[in-house]
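Taking it in order: structure first as structure tokens, then the write-up.
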Amino acid sequence: MSKMRGTSELSLQEWLGKAEQGDPQARYECGAIYDSASENSEDSVKALYWYQKAAEQGHISAQFCCGSMYSAGEGTKKDEVKALYWFRRAAEQGDGDSQFKCAQMYGRGEGTAMDKEEALRWCRMAAEQGHLEAKYFLKKGAGSAE
């Protein structure tokens, strides 16, 4: 589910030491390691735990991953309200993928009331970030990103 996989050769134990000291990148890396190894639900729960710790500190990729996990019900029960919350937090920081996810969710009424204008607004922002799917939907006149 990771937006970007871990970027270092450090071991899980080394990342955990840094994560427990509050380092947001280390917390994200722990989430990514558990996420990539998620052969069982316990790993997914641990992935979400660390992603959320990093996301609460403003880590954009971790916010996207939290949104994705809540949207899919990985490591937790499916919760579209929480998914939209995390996608929106990353989207507000300029993340194009999260902006497009917001467009889709507003366009479909997932986690919120359906709002085509809000969907179009997020789709336009994603397109401005270079998001190809958003550009496609706008070009085809399907700005609700359904």
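Lettering and numbering for the structure tokens are positional, with chains as A, B, ... in the shown order, residues counted from 1 in each chain, and ligands counted from 1 in the shown order.
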
DSSP-assigned helix (DSSP H, G or I) members of region 28-117 of chain A, reported as a VMD selection string: chain A and resid 28 to 36 41 to 56 60 to 72 80 to 91 96 to 108 116 to 117

Polymer residues at most 9 Å from region 35-47 of chain A, only C-alpha atoms, same-chain spacing of 2 or more positions, as a PyMOL selection string: chain A and resi 1-2+5+28+30-33+49-52+69+74-76

CA of Lys82 (chain A) to CA of Glu20 (chain A), straight-line distance in Å: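 Separating CA of Glu20 (chain A) from CA of Lys82 (chain A) is a distance of 24.2 Å.
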
Selection: 9 Å around Ala134 (chain A), only C-alpha atoms, excl. self and same-chain fewer than 3 positions, as a PyMOL selection string: chain A and resi 96+100+103+122-128+130-131+137-139+143+145

Output file for the selection above: N, CA and C atoms, as a short mmCIF file (atom, residue, chain, number, x, y, z; two decimals), in the first residue's frame:
data_model
loop_
_atom_site.label_atom_id
_atom_site.label_comp_id
_atom_site.auth_asym_id
_atom_site.auth_seq_id
_atom_site.Cartn_x
_atom_site.Cartn_y
_atom_site.Cartn_z
N GLY A 96 -0.36 15.36 -5.25
CA GLY A 96 -1.26 15.15 -6.37
C GLY A 96 -2.05 13.86 -6.30
N PHE A 100 -6.14 13.64 -6.12
CA PHE A 100 -6.99 12.87 -7.01
C PHE A 100 -7.87 11.90 -6.21
N ALA A 103 -10.71 13.86 -5.04
CA ALA A 103 -11.64 14.08 -6.15
C ALA A 103 -12.53 12.86 -6.33
N TRP A 122 -10.72 19.40 -6.53
CA TRP A 122 -9.58 18.55 -6.21
C TRP A 122 -8.97 17.95 -7.47
N CYS A 123 -9.81 17.62 -8.44
CA CYS A 123 -9.31 17.06 -9.70
C CYS A 123 -8.44 18.10 -10.42
N ARG A 124 -8.88 19.33 -10.43
CA ARG A 124 -8.09 20.41 -11.05
C ARG A 124 -6.75 20.58 -10.34
N MET A 125 -6.78 20.54 -9.02
CA MET A 125 -5.52 20.69 -8.28
C MET A 125 -4.57 19.54 -8.58
N ALA A 126 -5.10 18.32 -8.66
CA ALA A 126 -4.26 17.17 -8.99
C ALA A 126 -3.67 17.31 -10.39
N ALA A 127 -4.49 17.77 -11.32
CA ALA A 127 -4.01 17.96 -12.69
C ALA A 127 -2.89 19.00 -12.73
N GLU A 128 -3.04 20.05 -11.94
CA GLU A 128 -1.99 21.08 -11.87
C GLU A 128 -0.69 20.52 -11.32
N GLY A 130 0.33 17.66 -12.15
CA GLY A 130 0.81 16.75 -13.17
C GLY A 130 0.20 15.36 -13.11
N HIS A 131 -0.83 15.16 -12.30
CA HIS A 131 -1.45 13.85 -12.16
C HIS A 131 -2.15 13.48 -13.47
N PHE A 137 -9.34 12.93 -16.93
CA PHE A 137 -10.74 13.17 -16.57
C PHE A 137 -11.17 14.59 -16.93
N LEU A 138 -10.29 15.55 -16.69
CA LEU A 138 -10.64 16.93 -17.04
C LEU A 138 -10.76 17.09 -18.56
N LYS A 139 -9.85 16.47 -19.28
CA LYS A 139 -9.89 16.55 -20.75
C LYS A 139 -11.16 15.92 -21.30
N GLY A 143 -14.82 15.70 -14.79
CA GLY A 143 -14.10 16.29 -13.67
C GLY A 143 -14.45 15.75 -12.32
N ALA A 145 -14.10 12.79 -11.47
CA ALA A 145 -13.10 11.75 -11.21
C ALA A 145 -13.72 10.45 -10.72
#

Close residues, region 55-65 of chain A itself excluded, 9 Å, only C-alpha atoms, min 5 positions apart in chain, as a list in words: Met1, Ser2, Lys3, Met4, Pro24, Gln25, Arg27, Tyr28, Gly31, Ala32, Leu48, Trp50, Tyr70, Ala83, Tyr85, Trp86, Phe87, Arg88, Arg89, Ala90, Ala91, Gln93, Gly94, Asp95, Asp97 and Ser98 of chain A

CA of Glu117 (chain A) to CA of Gly141 (chain A), distance in Å rounded to a single decimal: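 Pair CA of Glu117 (chain A) / CA of Gly141 (chain A) returns 13.0 Å.
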
Met114 (chain A) environment, 10 Å, only C-alpha atoms, sequence neighbours closer than 6 positions dropped, as a list in words: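 That gives Gln104, Met105, Tyr106, Gly107, Arg108 and Ser144 of chain A.
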